[in-house]
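Below you'll find the structure, written out as structure tokens, and then a few comments.
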Protein chains: 2
Amino acid sequence: MTERRKFLKTAALAGAGALAASAFPKPALAQDKMRWRVVTSWPRGLPGLFTGVERLCANITAMSQGRMEFEVYGAGEIVPALECFQAVSDGTAEMGHDAAYYHIGKTKAAAFFTAVPFGMTANELNAWVYYGGGQELWDEAYAPFGLKGFLAGNTGAQMGGWFRKEINSPEDFRSLKMRIPGQGGQVMERLGATTVLLSGRDIFQPLQSNAIDAAEWVGPWNDMALNLHLVAKYYYYPGFQEPGPALQLTVNKGKWDALPADLQAIIATAASAENDRMIAEYNARSPAALRELVEQHGVQVKPYPQEVLIALGTASGELMREILDSADDITRRVANSFLAARRDAMLWTRISDQAFTNARRLSFPYPGGDTP
Amino acid sequence: MTERRKFLKTAALAGAGALAASAFPKPALAQDKMRWRVVTSWPRGLPGLFTGVERLCANITAMSQGRMEFEVYGAGEIVPALECFQAVSDGTAEMGHDAAYYHIGKTKAAAFFTAVPFGMTANELNAWVYYGGGQELWDEAYAPFGLKGFLAGNTGAQMGGWFRKEINSPEDFRSLKMRIPGQGGQVMERLGATTVLLSGRDIFQPLQSNAIDAAEWVGPWNDMALNLHLVAKYYYYPGFQEPGPALQLTVNKGKWDALPADLQAIIATAASAENDRMIAEYNARSPAALRELVEQHGVQVKPYPQEVLIALGTASGELMREILDSADDITRRVANSFLAARRDAMLWTRISDQAFTNARRLSFPYPGGDTP
């Protein structure tokens, strides 16, 4: 937290300094000074997501000596939450921050640049986008819309969701009514659930009134703010539907191409740095939130039973097969590249992070201990 | 790869452009133009580590419009591989890139900013350093040496090492002679092994001539370049000793304090972006290297048996207890902060990344398949 304050303070001070300097008549650097609008899908002030965009933008301002300044908008302030793609595409805003998979209506390929059920973790997705051909395909998929996309944050693995009743077998999804969007929702529907789409702030009331039986949003840190633990006591994991959802920075391609090389480098690097920071903040804040949910609110954190996971995995595989079978050219190439990267990632993750974290939970004494 | 080439090309072009511009008499930006020396612990050209530092520096040059340029030195070129800390401290070089734990001779606290046996993964360490109080303690620990440290890359989880004979029980470490440095080596010694310290390029010959029985270096991508697979066939995992070793960028504190705020922001952001990129490159390159080792060189990739992992974990816990018992003030505070973050991280990782990756390996059909 202190580090982040310092980070922001440095950025703010540098920005303020540059702003003050710009009050003098025609300084050399003011010639190309610009002020960009940034639309986001996030409620103003939402910790992690909205604050991450503010950090990203403050950082660009600091690095550019104030040549680039930004007005960051919350969901619905100048365009609806899910219209960022269109707004940046048509120049209503110069930049946007949201999740690519909101825009499968524009191109189905977009889903793969956020997360798909039983897909890849954040680290695995980064490897694919940066060094496995993902970015080139992404550029190709977005070119028709006049957009340039960058990885710019990740929430890390999400939770499976909040349920009012225990889930003991795949049959328990039958006739369940759940708030869960996108492909995760389509998987649930294959198991007999009915799904509904509600914005985060609209989840609490229908869950309280029994209009819905379950809801998935993000993870402990963000979910706690919605008070879902007050109306549903079972909190299931893992979030098979979003194992490491990436957030994207989009830049209007015309505006991007007109930037000098140094400002392009500054924006690309700020996006990459935010990709480094945001998931670290989620990982740092989640344990305390989880502990508070369990210890102060009596939430029961439960793993999906193995039989349920296999049913969810099978339905996820079937959905992916259908997407492949009906895909247009770019979506098929994106999907095949993603799936090849996923296969490779599973090979390496199994003997690296996964083997280590499993070994670390074997029983042996270690100072500081752990929480079984 | 193409993305990286583009990244470097953009950086190089921007740098070249700025350089050309600086040939004109007194351009406004040339007033504070500087050229810094960067010492590293890495053999010149080593993929991942040395090339990562080059990328980081090229990126700073691009973002600063060429106001900062760098000469990056390989291990031993102007100072020995393990003398980067001292060289940046005394101003021989303005910046350095190496691993903090090489310098426990300066402060024992340094080990925690790289990796300790059965410690934290790369993601968990990032959470601690950025948002768990780690950076503030790091700044305090390095202040007496006139250094500022930044996270600037990570290899991700390493492998356990190359063995000429199978490891079936903890007794098999007795009378084993192994190349394994630092705390990992101290753990091995507790199980009866003899350890030796050799630079990467000096490992092949003694392993071939039976002067040593085993050796740990990095992981498939870097290890394959050393040809260790030609003289040892068993490749064990997980690398309990280095579950996510961070690399550090060090900056001479006097030079840092003299920088304008925009260049400070540029360096800090470039370090964070490299922290995002380097591990992605290791994760992207490791699967193909691992596959080549197995399919073309007959390497046997094997998990340490559970009994062995428990013995290694127990010895690691004992070592950590001894470090705590004999620690000076700053080392004790760093260790306690690290251990508290580790305990929290284990709680959250267990139900996020770990639960997801374990679920993903259950048996169900998925397009693209996987490699068991």
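Lettering and numbering for the structure tokens are positional, with chains as A, B, ... in the shown order, residues counted from 1 in each chain, and ligands counted from 1 in the shown order.
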
Enumerate, as a PyMOL selection string, the complete set of residues in stretch 204-297 of chain B that a backbone-based DSSP assignment places in alpha helix (DSSP H).
chain B and resi 204-208+220-225+253-257+261-297

Among stretch 130-207 of chain A, which residues carry a DSSP assignment of strand (DSSP E or B), reported as a compact mmCIF listing (two decimals) with C-alpha atoms, in the first residue's frame?
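The resulting file, states.txt, is reproduced below:
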# COMPACT_ATOMS: atom_id res chain seq x y z
CA LEU A 147 -7.91 -0.46 -32.40
CA LYS A 148 -4.59 -1.42 -30.85
CA GLY A 149 -4.86 -3.70 -27.80
CA PHE A 150 -2.39 -4.23 -24.97
CA LEU A 151 -2.38 -6.48 -21.92
CA ALA A 152 -2.84 -4.05 -19.04
CA GLY A 153 -3.75 -5.92 -15.87
CA ASN A 154 -5.23 -9.16 -14.63
CA GLY A 161 -19.06 -17.97 -7.07
CA TRP A 162 -21.53 -17.53 -4.23
CA PHE A 163 -24.24 -20.17 -3.69
CA LYS A 177 -30.53 -19.64 -11.51
CA MET A 178 -27.12 -17.98 -11.52
CA ARG A 179 -25.58 -14.64 -12.39
CA THR A 194 -30.40 -20.76 -16.11
CA THR A 195 -28.08 -17.78 -16.27
CA VAL A 196 -28.69 -14.09 -16.01

Please provide as a PyMOL selection string all residues within 12 Å of stretch 297-302 of chain B, with the sequence filter that same-chain residues fewer than 2 positions apart are discarded (counting only C-alpha atoms).
(chain A and resi 347-348+350-352+355) or (chain B and resi 159-168+219-220+224+227-239+289-295+304-306)

Extract, using only C-alpha atoms, all DNA, RNA and protein residues at most 9 Å from A:Ile180, discarding same-chain residues fewer than 6 positions from it, and format them as a list in words.
Gly161, Gln186, Met188, Thr195, Val196, Leu197, Leu198, Ala214, Ala215, Glu216 and Trp217 of chain A

Restricting the output to N, CA and C atoms, write the selected residues as a compact mmCIF listing (two decimals), in the first residue's frame.
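In the end it all went to again20.txt:
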# COMPACT_ATOMS: atom_id res chain seq x y z
N GLY A 161 -17.83 -18.72 -7.29
CA GLY A 161 -19.06 -17.97 -7.07
C GLY A 161 -19.72 -18.25 -5.73
N GLN A 186 -22.42 -20.13 -20.36
CA GLN A 186 -22.82 -21.14 -21.35
C GLN A 186 -22.49 -22.55 -20.85
N MET A 188 -22.44 -23.43 -17.66
CA MET A 188 -23.45 -23.71 -16.62
C MET A 188 -24.78 -24.13 -17.25
N THR A 195 -29.01 -18.85 -16.65
CA THR A 195 -28.08 -17.78 -16.27
C THR A 195 -28.68 -16.43 -16.58
N VAL A 196 -28.25 -15.47 -15.79
CA VAL A 196 -28.69 -14.09 -16.01
C VAL A 196 -27.46 -13.20 -15.98
N LEU A 197 -27.56 -12.07 -16.68
CA LEU A 197 -26.47 -11.11 -16.70
C LEU A 197 -26.90 -9.87 -15.93
N LEU A 198 -26.14 -9.55 -14.90
CA LEU A 198 -26.43 -8.36 -14.09
C LEU A 198 -25.11 -7.65 -13.84
N ALA A 214 -27.52 -18.07 -7.12
CA ALA A 214 -26.05 -18.05 -7.07
C ALA A 214 -25.54 -16.90 -7.94
N ALA A 215 -24.30 -16.49 -7.69
CA ALA A 215 -23.72 -15.39 -8.46
C ALA A 215 -22.21 -15.47 -8.42
N GLU A 216 -21.61 -15.20 -9.56
CA GLU A 216 -20.15 -15.14 -9.67
C GLU A 216 -19.81 -13.72 -10.01
N TRP A 217 -18.78 -13.13 -9.34
CA TRP A 217 -18.34 -11.81 -9.77
C TRP A 217 -16.83 -11.82 -9.97

Smallest atom-to-atom distance to A:Gln158: which of A:Met68, A:Ala115, A:Ala141, A:Ala359, using only C-alpha atoms?
A:Ala115

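The shell of residues at most 12 Å from B:Thr51, with only C-alpha atoms counted and near chain neighbours (fewer than 6 positions) removed, consists of Arg4, Arg5, Leu8, Thr40, Trp42, Pro43, Arg44, Gly45, Cys57, Ala58, Val72, Tyr73, Gly74, His97, Gly153, Glu274, Arg277, Met278, Glu281 and Tyr282 of chain B.
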
Shell of 12 Å around A:Phe118, only C-alpha atoms, local chain residues under 4 positions omitted, as a VMD selection string:
(chain A and resid 112 157 to 158 160 183 to 184 187 238 to 245 309 to 320 339 342 to 343 346) or (chain B and resid 353 355 to 362 364 to 367 369 to 370)

Contacts of stretch 128-131 of chain A at 9 Å or less, counting only C-alpha atoms, minus same-chain residues fewer than 5 places along, as a list in words?
Phe113, Asn123, Glu136, Leu137, Trp138, Leu151, Ser337, Phe338, Ala341, Arg342 and Ala345 of chain A; Met1, Thr2, Glu3, Arg4, Arg277, Ala280, Glu281, Asn283, Ala284 and Arg285 of chain B

Please produce a file of those selected residues containing N, CA and C atoms, as a tab-separated table (two decimals), in the first residue's frame.
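Output saved as result-v6.tsv:
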chain	number	residue	atom	x	y	z
A	113	PHE	N	-8.45	-13.35	-25.52
A	113	PHE	CA	-7.52	-12.38	-24.96
A	113	PHE	C	-7.94	-11.96	-23.55
A	123	ASN	N	-0.23	-16.02	-15.85
A	123	ASN	CA	1.16	-16.18	-16.31
A	123	ASN	C	1.21	-16.89	-17.66
A	136	GLU	N	0.41	-10.65	-32.13
A	136	GLU	CA	0.29	-10.44	-33.57
A	136	GLU	C	-1.13	-10.78	-34.04
A	137	LEU	N	-1.67	-11.88	-33.51
A	137	LEU	CA	-3.04	-12.27	-33.87
A	137	LEU	C	-4.05	-11.26	-33.33
A	138	TRP	N	-3.77	-10.76	-32.15
A	138	TRP	CA	-4.64	-9.75	-31.53
A	138	TRP	C	-4.67	-8.50	-32.39
A	151	LEU	N	-2.14	-5.94	-23.26
A	151	LEU	CA	-2.38	-6.48	-21.92
A	151	LEU	C	-2.11	-5.35	-20.93
A	337	SER	N	-4.05	-21.15	-31.92
A	337	SER	CA	-2.82	-20.67	-31.31
A	337	SER	C	-2.94	-20.72	-29.78
A	338	PHE	N	-4.07	-20.27	-29.28
A	338	PHE	CA	-4.33	-20.30	-27.83
A	338	PHE	C	-4.28	-21.74	-27.31
A	341	ALA	N	-0.81	-23.12	-27.17
A	341	ALA	CA	-0.08	-22.51	-26.05
A	341	ALA	C	-0.56	-23.10	-24.73
A	342	ARG	N	-1.86	-23.38	-24.63
A	342	ARG	CA	-2.41	-23.98	-23.42
A	342	ARG	C	-1.83	-25.37	-23.18
A	345	ALA	N	1.65	-24.92	-22.02
A	345	ALA	CA	1.65	-24.34	-20.68
A	345	ALA	C	1.34	-25.41	-19.63
B	1	MET	N	8.12	-14.14	-29.99
B	1	MET	CA	9.44	-13.78	-30.52
B	1	MET	C	9.31	-12.55	-31.41
B	2	THR	N	8.33	-12.62	-32.32
B	2	THR	CA	8.13	-11.49	-33.21
B	2	THR	C	7.80	-10.24	-32.39
B	3	GLU	N	6.99	-10.43	-31.36
B	3	GLU	CA	6.62	-9.31	-30.49
B	3	GLU	C	7.87	-8.71	-29.87
B	4	ARG	N	8.77	-9.60	-29.42
B	4	ARG	CA	9.97	-9.10	-28.79
B	4	ARG	C	10.83	-8.36	-29.80
B	277	ARG	N	7.68	-9.05	-18.38
B	277	ARG	CA	8.09	-9.70	-19.62
B	277	ARG	C	8.99	-10.92	-19.42
B	280	ALA	N	7.44	-14.15	-18.56
B	280	ALA	CA	6.61	-14.59	-19.69
B	280	ALA	C	7.49	-15.26	-20.75
B	281	GLU	N	8.67	-14.71	-20.97
B	281	GLU	CA	9.56	-15.33	-21.96
B	281	GLU	C	10.04	-16.70	-21.47
B	283	ASN	N	8.46	-18.69	-19.42
B	283	ASN	CA	7.33	-19.62	-19.51
B	283	ASN	C	7.02	-20.01	-20.95
B	284	ALA	N	7.24	-19.10	-21.88
B	284	ALA	CA	6.96	-19.39	-23.28
B	284	ALA	C	8.01	-20.32	-23.89
B	285	ARG	N	9.27	-20.18	-23.47
B	285	ARG	CA	10.36	-20.97	-24.07
B	285	ARG	C	10.55	-22.33	-23.39

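Atom CA of B:Ser41 is found 23.7 Å from atom CA of B:Thr331.
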
Pairwise distance for atom CA of B:Ser169 and atom CA of B:Arg190, rounded to one decimal in Å
14.3 Å

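Here atom CA of B:Thr121 is placed at a distance of 23.2 Å from atom CA of B:Glu140.
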
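Nearest-residue note for chain A: choosing from B:Gln86, B:Asn59, B:Asn252, B:Thr155, the minimum distance belongs to B:Asn59, counting only C-alpha atoms.
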